[in-house]
There are 4 protein chains.
Amino acid sequence: MGLEGYRRRVSESKRKSIMAAAGAEFQDNGFTHAAMAEIARKADVSTATLYKHFGSKEELFSSIVEASYEGLGMPKSGAQDAKTAKEALTIAANDYLNQQFGAGINALMRAIISETSGVPDVGKDFLKRGVNGRNKDFVAFLNSLVERKLLKPHDTKISSLQIVGMIKENFVWPTMFDPNFKLPSNKDAIIEEAIDTFLARYGS
Amino acid sequence: MGLEGYRRRVSESKRKSIMAAAGAEFQDNGFTHAAMAEIARKADVSTATLYKHFGSKEELFSSIVEASYEGLGMPKSGAQDAKTAKEALTIAANDYLNQQFGAGINALMRAIISETSGVPDVGKDFLKRGVNGRNKDFVAFLNSLVERKLLKPHDTKISSLQIVGMIKENFVWPTMFDPNFKLPSNKDAIIEEAIDTFLARYGS
Amino acid sequence: MGLEGYRRRVSESKRKSIMAAAGAEFQDNGFTHAAMAEIARKADVSTATLYKHFGSKEELFSSIVEASYEGLGMPKSGAQDAKTAKEALTIAANDYLNQQFGAGINALMRAIISETSGVPDVGKDFLKRGVNGRNKDFVAFLNSLVERKLLKPHDTKISSLQIVGMIKENFVWPTMFDPNFKLPSNKDAIIEEAIDTFLARYGS
Amino acid sequence: MGLEGYRRRVSESKRKSIMAAAGAEFQDNGFTHAAMAEIARKADVSTATLYKHFGSKEELFSSIVEASYEGLGMPKSGAQDAKTAKEALTIAANDYLNQQFGAGINALMRAIISETSGVPDVGKDFLKRGVNGRNKDFVAFLNSLVERKLLKPHDTKISSLQIVGMIKENFVWPTMFDPNFKLPSNKDAIIEEAIDTFLARYGS
DNA sequence: CATGAATGAGTATTCATTCAT
DNA sequence: AATGAATGAATACTCATTCAT
């Protein structure tokens, strides 16, 4: 296990540094304009090593995208413990935006959208496993609020997309067209308005 | 009107065929992967003629994007004449989706998002003039409903983004990741749900 | 003669303005980088008119080069009337440099040299008719000095190239490699040295 | 020395074949009309390899020009050992012409002059390092003759340009306008005449 | 197992010249 | 006779991927 273990550790460390470099490169430049040579340089490996680990640029990109799924979903940050629906939803909405803006998800989404024509599977996969997976988490969260009688019983598959859509329209959509878009100063007010509209129908 | 008129007619006809070809090419392949030579071939002109009309690929793309602005906005399709808010909003939502899916706006949006890193101005312009311009139209439409007492008085700048966000989340967002996404069979039900949520708060 | 004369006058005026524009353009940019469209624009004619007058870019260039021959040669500026050989040669050398630097001959020579590979005839013609023609004038001038016993009898065909070579080496050759080269402040001293060397052998 | 040495050897051999091919191409066609693809073809490498070695066409050209500097200067061919000034100068003049005509310097000079407008630095560099460098060598050579009392003490910076100018005017200048110009049969006589004129003033 | 030099296909842009009016 | 829009051939440069050591 000595030599083999050493090799595996080295190999895994290279793989990690490649993924880190690739993630940064794809977020900065999108899929098309990211250069394999630059990723190799940033990861401090040769291009041949790069190709040993990831058979093609697309495969590397897919790996980056898949890795991003794992970071998505409802964090355990206290939304469950809130006393009121409004409080719970406010926490959840902020968690959502923190993920989106903190982990470079916006930039990654732009990169995926860019390649939707050329590499359709990546986009479809992200839609199915990333976007929808996240939605499922949100549905479960809403269901828990229903169980706690904080929300009226209703079809949470539909309502989840409604509140998420209201949030995204204001904060995520603009970043698709302007990478320098920053969260506005009235962010909290807009979130509150969205929640109020949501609760006007679904609040108990 | 003899010579000059003839030339203008020919020139305009070439320009139109170039824009048609470019629109299709950009929608199919995005900005980067669209080839000027292919656009010229589709438009049945030489590449030099292409460059006489549009000084560069970016200029051509901007022209296509700007032309798309003009097709956006609230069509005069009867939403104003509806008797109830629900009826008016249903018509408006369907108009919105017809524009989006009928005129290749989805594909164009993907193309613009693709170039947000490389050609940032196009993205920012589209955001400012395309997206926001369309929103202003929608705000005006909501205001007219308020005037007609079909909706409660409220801040329509905020509410317009809410209903639009609920619609987009269900129908537009998926097309960003899957160009083959089709409007689902339960489209009308989803629209109705969104409108109901909206009216729960803003209906009079 | 009315209409025909008018037309000829117009045509000649266009031809002149074309040659003026072309001369400037070729001097500024050399043959290859001069653009026919730009020449037409500067001359305020269409490209088609340009081609009516000059069948090709090379033909136009040849015409410009030939026109430059006419300005070359010994000007009647008093070199003949000088009392001493030194005085006469000083005047002649200055005339030579004034032509070269005043009429854009340096830039034109660069342009001709540029096209020696592509359009060899222009270069050969310039050599034969321009350079050699000028030399003949200079030989005749030296002969007149010999006749006036200001110089020893000798082979002036050889000696003319010697003094011209000494002058050119200092002032013309550098302009071939640096278009911004200016006549140096010690110009007169260098000319005097060249003449002194010349007269050390050929002075009477 | 195993892998690294192998790679260096291969790389250097490629670099040499590129420079040989580029030298020939630039001499034949000048800078502008030389084609990178053709150079690659002649050097039997891909265009990408060409660009790995030389970042741009201009960089490649500069390298060719700089390499030509090294071949210039006074060769150690016996001019120093001559017994008389006339003999020494005759040898030196012939060396000069052999360099100029043997190593394609004439063609290279034409190429440089061609690009004086477009790539001015190359021309200025050649003037400073090539032409002037060569002159310094010639001045040193004349100084050695002065030290040996074969020439009168005098300003050799000035006189060197005089004799070089007399030689160039007869043999180098014509090649600028006619690439097929050959050294004439009376070359030796012309050289002798130039030396005689030079010695009439500076001989001891 | 890692290297990095080499590959070759792919693309935006320019310009002398022609032609329908 | 004059126009100017249209042509199409020509060219520098990039990048994902492979291969000999």
# chains A, B, ... in the order shown; residues from 1 in each chain; ligands from 1

call {"tool": "interface_residues", "arguments": {"of": "chain E", "to": "chain C", "cutoff": "9 Å", "atoms": "only C-alpha atoms (C1' of nucleotides)", "output": "JSON list (two decimals) with N, CA and C atoms (P, O5', C5', C4', C3', O3' and C1' of nucleotides), in the first residue's frame"}}
result
[["chain", "number", "residue", "atom", "x", "y", "z"],
["E", 15, "DC", "P", -7.11, 47.11, -46.47],
["E", 15, "DC", "O5'", -7.09, 46.72, -48.01],
["E", 15, "DC", "C5'", -6.57, 45.45, -48.40],
["E", 15, "DC", "C4'", -6.69, 45.31, -49.91],
["E", 15, "DC", "C3'", -7.03, 46.61, -50.65],
["E", 15, "DC", "O3'", -6.46, 46.56, -51.93],
["E", 15, "DC", "C1'", -8.76, 45.07, -50.96],
["E", 16, "DA", "P", -6.10, 47.90, -52.70],
["E", 16, "DA", "O5'", -6.03, 47.36, -54.19],
["E", 16, "DA", "C5'", -5.15, 46.30, -54.50],
["E", 16, "DA", "C4'", -5.72, 45.44, -55.61],
["E", 16, "DA", "C3'", -5.98, 46.18, -56.92],
["E", 16, "DA", "O3'", -5.72, 45.29, -58.00],
["E", 16, "DA", "C1'", -8.03, 45.36, -56.05],
["E", 17, "DT", "P", -5.82, 45.86, -59.46],
["E", 17, "DT", "O5'", -7.32, 45.54, -59.90],
["E", 17, "DT", "C5'", -7.74, 44.18, -59.92],
["E", 17, "DT", "C4'", -9.23, 44.11, -60.15],
["E", 17, "DT", "C3'", -9.79, 44.89, -61.35],
["E", 17, "DT", "O3'", -10.36, 43.95, -62.24],
["E", 17, "DT", "C1'", -11.20, 45.08, -59.46],
["E", 18, "DT", "P", -10.95, 44.37, -63.64],
["E", 18, "DT", "O5'", -12.52, 44.09, -63.48],
["E", 18, "DT", "C5'", -12.94, 42.92, -62.81],
["E", 18, "DT", "C4'", -14.44, 42.91, -62.63],
["E", 18, "DT", "C3'", -15.25, 43.36, -63.85],
["E", 18, "DT", "O3'", -16.40, 42.51, -63.93],
["E", 18, "DT", "C1'", -15.86, 44.67, -62.02]]

call {"tool": "residues_around", "arguments": {"residues": "B:Lys136", "least_positions_apart": "6", "cutoff": "10 Å", "atoms": "only C-alpha atoms (C1' of nucleotides)", "output": "list in words"}}
result
Gly73, Met74, Leu142, Thr156, Lys157 and Ser160 of chain B

call {"tool": "write_last_selection", "arguments": {"atoms": "C-alpha atoms", "output": "compact mmCIF listing (two decimals), in the first residue's frame"}}
result
# COMPACT_ATOMS: atom_id res chain seq x y z
CA GLY B 73 -43.23 44.77 -25.41
CA MET B 74 -46.96 44.50 -24.90
CA LEU B 142 -50.64 46.87 -14.77
CA THR B 156 -46.52 47.95 -9.89
CA LYS B 157 -42.77 48.19 -10.49
CA SER B 160 -44.65 43.28 -12.38

call {"tool": "closest_residue", "arguments": {"among": "D:Glu87, D:Glu38, D:Glu66, D:Glu12", "to": "chain F", "atoms": "only C-alpha atoms (C1' of nucleotides)"}}
result
D:Glu38

call {"tool": "closest_residue", "arguments": {"among": "D:Met166, D:Val139, D:Ala34, D:Leu97", "to": "C:Ser117", "atoms": "only C-alpha atoms"}}
result
D:Ala34

call {"tool": "atom_distance", "arguments": {"atom1": "atom CA of A:Asn180", "atom2": "atom CA of A:Asn106"}}
result
10.7 Å

call {"tool": "residues_around", "arguments": {"residues": "C:Asp188", "least_positions_apart": "5", "cutoff": "9 Å", "atoms": "only C-alpha atoms (C1' of nucleotides)", "output": "ChimeraX atom specification"}}
result
/C:90,94,193

call {"tool": "write_last_selection", "arguments": {"atoms": "C-alpha atoms", "output": "short mmCIF file (atom, residue, chain, number, x, y, z; two decimals), in the first residue's frame"}}
result
data_model
loop_
_atom_site.label_atom_id
_atom_site.label_comp_id
_atom_site.auth_asym_id
_atom_site.auth_seq_id
_atom_site.Cartn_x
_atom_site.Cartn_y
_atom_site.Cartn_z
CA THR C 90 28.33 73.11 -52.80
CA ASN C 94 22.38 71.41 -51.76
CA GLU C 193 34.27 67.20 -46.45
#

call {"tool": "closest_residue", "arguments": {"among": "F:DA1, F:DC13, F:DC19, F:DA6", "to": "E:DT3", "atoms": "only C-alpha atoms (C1' of nucleotides)"}}
result
F:DC19

call {"tool": "interface_residues", "arguments": {"of": "chain F", "to": "chain D", "cutoff": "9 Å", "atoms": "only C-alpha atoms (C1' of nucleotides)", "output": "JSON, numbers by chain"}}
result
{"F": [11, 12, 13, 14, 21]}

call {"tool": "atom_distance", "arguments": {"atom1": "atom CA of A:Asp137", "atom2": "atom CA of A:Ala79"}}
result
12.5 Å

call {"tool": "atom_distance", "arguments": {"atom1": "atom CA of D:Val172", "atom2": "atom CA of D:Phe101"}}
result
8.7 Å

call {"tool": "interface_residues", "arguments": {"of": "chain B", "to": "chain A", "cutoff": "10 Å", "atoms": "only C-alpha atoms", "output": "MDAnalysis selection string"}}
result
chainID B and resid 27:33 107 109:118 120:128 131 158:170 173:181 190 193:194 196:202

call {"tool": "residues_around", "arguments": {"residues": "D:Tyr69", "least_positions_apart": "6", "cutoff": "10 Å", "atoms": "only C-alpha atoms (C1' of nucleotides)", "output": "ChimeraX atom specification"}}
result
/D:105,126,129-131,133-134

call {"tool": "closest_residue", "arguments": {"among": "B:Leu151, B:Ala20, B:Ala43, B:Leu50", "to": "F:DA5", "atoms": "only C-alpha atoms (C1' of nucleotides)"}}
result
B:Leu50
